[in-house]
Amino acid sequence: MAKYLLTIIYIVFTTCGITFMKLGGDSLSLSFSKGFSFKIGWITLVGFMFYLISFILWQKLLVKYDLSTMVPIVTGISQIIIITIGYTIFKESFSVQSLIGALIIVIGIVVMTFGNK
C-alpha cells in the first residue's frame, strides 16, 4: 500500500512541477555579466519546489522498489497526465498519433502491472 501511495504522491508532485514551470514561462534568468545575477518568478519557483520534492520521492522509489517495473509504469502514467494537462490547460494540439501513443502506453502499463500475477 505504501508503494502505491508514494508513487501517487510522486506523480502528483512531478506533474505539478512541470505544469507550474510551464505556467511560469520564461521567468528564470541567470547572468554572469557585472557579477552573478539569478532571478526567478514565483510561479516558476513553486514549480521548481514541486519538482525538487518529486526528485527526492523518485530517489526513494528507485531504491526501494524494482527499477525494471517502476520506471516504465511511473513514466508512462506521468506522460499521460502531462499530455492531458497540455491539452486542457495550455491548449496544446493533440493528434491521432498522440492518441495512439497514449493508448499504447496505457496498454503497456496494464501488461506490466498485471502480467506477472
# chains A, B, ... in the order shown; residues from 1 in each chain; ligands from 1
call {"tool": "residues_around", "arguments": {"residues": "region 36-48 of chain A", "least_positions_apart": "6", "cutoff": "10 Å", "atoms": "only C-alpha atoms", "output": "VMD selection string"}}
result
chain A and resid 13 to 30 54
call {"tool": "residues_around", "arguments": {"residues": "region 106-117 of chain A", "least_positions_apart": "6", "cutoff": "9 Å", "atoms": "only C-alpha atoms", "output": "ChimeraX atom specification"}}
result
/A:69,72-74,76-77,80
call {"tool": "residues_around", "arguments": {"residues": "Leu62 (chain A)", "least_positions_apart": "6", "cutoff": "12 Å", "atoms": "only C-alpha atoms", "output": "PDB file with C-alpha atoms, in the first residue's frame"}}
result
ATOM      1  CA  LYS A   3       4.353   1.767  -2.578  1.00  0.00           C
ATOM      2  CA  LEU A   6       4.353   7.063  -2.569  1.00  0.00           C
ATOM      3  CA  THR A   7       4.017   6.544  -6.327  1.00  0.00           C
ATOM      4  CA  TYR A  10       5.462  11.349  -6.724  1.00  0.00           C
ATOM      5  CA  PHE A  55      13.079  14.181  -7.297  1.00  0.00           C
ATOM      6  CA  ILE A  56      13.560  13.180  -3.648  1.00  0.00           C
ATOM      7  CA  SER A  68      12.508  -2.529 -14.220  1.00  0.00           C
ATOM      8  CA  THR A  69       8.828  -2.029 -13.419  1.00  0.00           C
ATOM      9  CA  MET A  70       8.815   1.267 -11.537  1.00  0.00           C
ATOM     10  CA  VAL A  71      10.427   3.417 -14.245  1.00  0.00           C
ATOM     11  CA  PRO A  72       8.224   2.386 -17.206  1.00  0.00           C
ATOM     12  CA  VAL A  74       5.535   5.769 -13.484  1.00  0.00           C
TER      13      VAL A  74
END
call {"tool": "closest_residue", "arguments": {"among": "A:Tyr65, A:Ser33, A:Ala102, A:Tyr4", "to": "Ile82 (chain A)", "atoms": "only C-alpha atoms"}}
result
A:Ala102
call {"tool": "closest_residue", "arguments": {"among": "A:Thr88, A:Thr75, A:Ile83, A:Ser98", "to": "Ile8 (chain A)", "atoms": "only C-alpha atoms"}}
result
A:Thr75
call {"tool": "atom_distance", "arguments": {"atom1": "CA of Gln59 (chain A)", "atom2": "CA of Gln79 (chain A)"}}
result
18.6 Å
call {"tool": "closest_residue", "arguments": {"among": "A:Glu92, A:Leu5, A:Gly35, A:Ile105", "to": "Leu57 (chain A)", "atoms": "only C-alpha atoms"}}
result
A:Leu5
call {"tool": "select_by_dssp", "arguments": {"residues": "chain A", "states": "strand (DSSP E or B)", "output": "count of residues only"}}
result
6
call {"tool": "atom_distance", "arguments": {"atom1": "CA of Ala2 (chain A)", "atom2": "CA of Ile81 (chain A)"}}
result
21.5 Å
call {"tool": "atom_distance", "arguments": {"atom1": "CA of Val12 (chain A)", "atom2": "CA of Phe50 (chain A)"}}
result
8.8 Å
call {"tool": "select_by_dssp", "arguments": {"residues": "chain A", "states": "helix (DSSP H, G or I)", "output": "JSON, numbers by chain"}}
result
{"A": [2, 3, 4, 5, 6, 7, 8, 9, 10, 11, 12, 13, 14, 15, 16, 17, 18, 19, 20, 21, 22, 23, 24, 42, 43, 44, 45, 46, 47, 48, 49, 50, 51, 52, 53, 54, 55, 56, 57, 58, 59, 60, 61, 62, 63, 64, 67, 68, 69, 70, 71, 72, 73, 74, 75, 76, 77, 78, 79, 80, 81, 82, 83, 84, 85, 86, 87, 88, 96, 97, 98, 99, 100, 101, 102, 103, 104, 105, 106, 107, 108, 109, 110, 111, 112, 113, 114]}
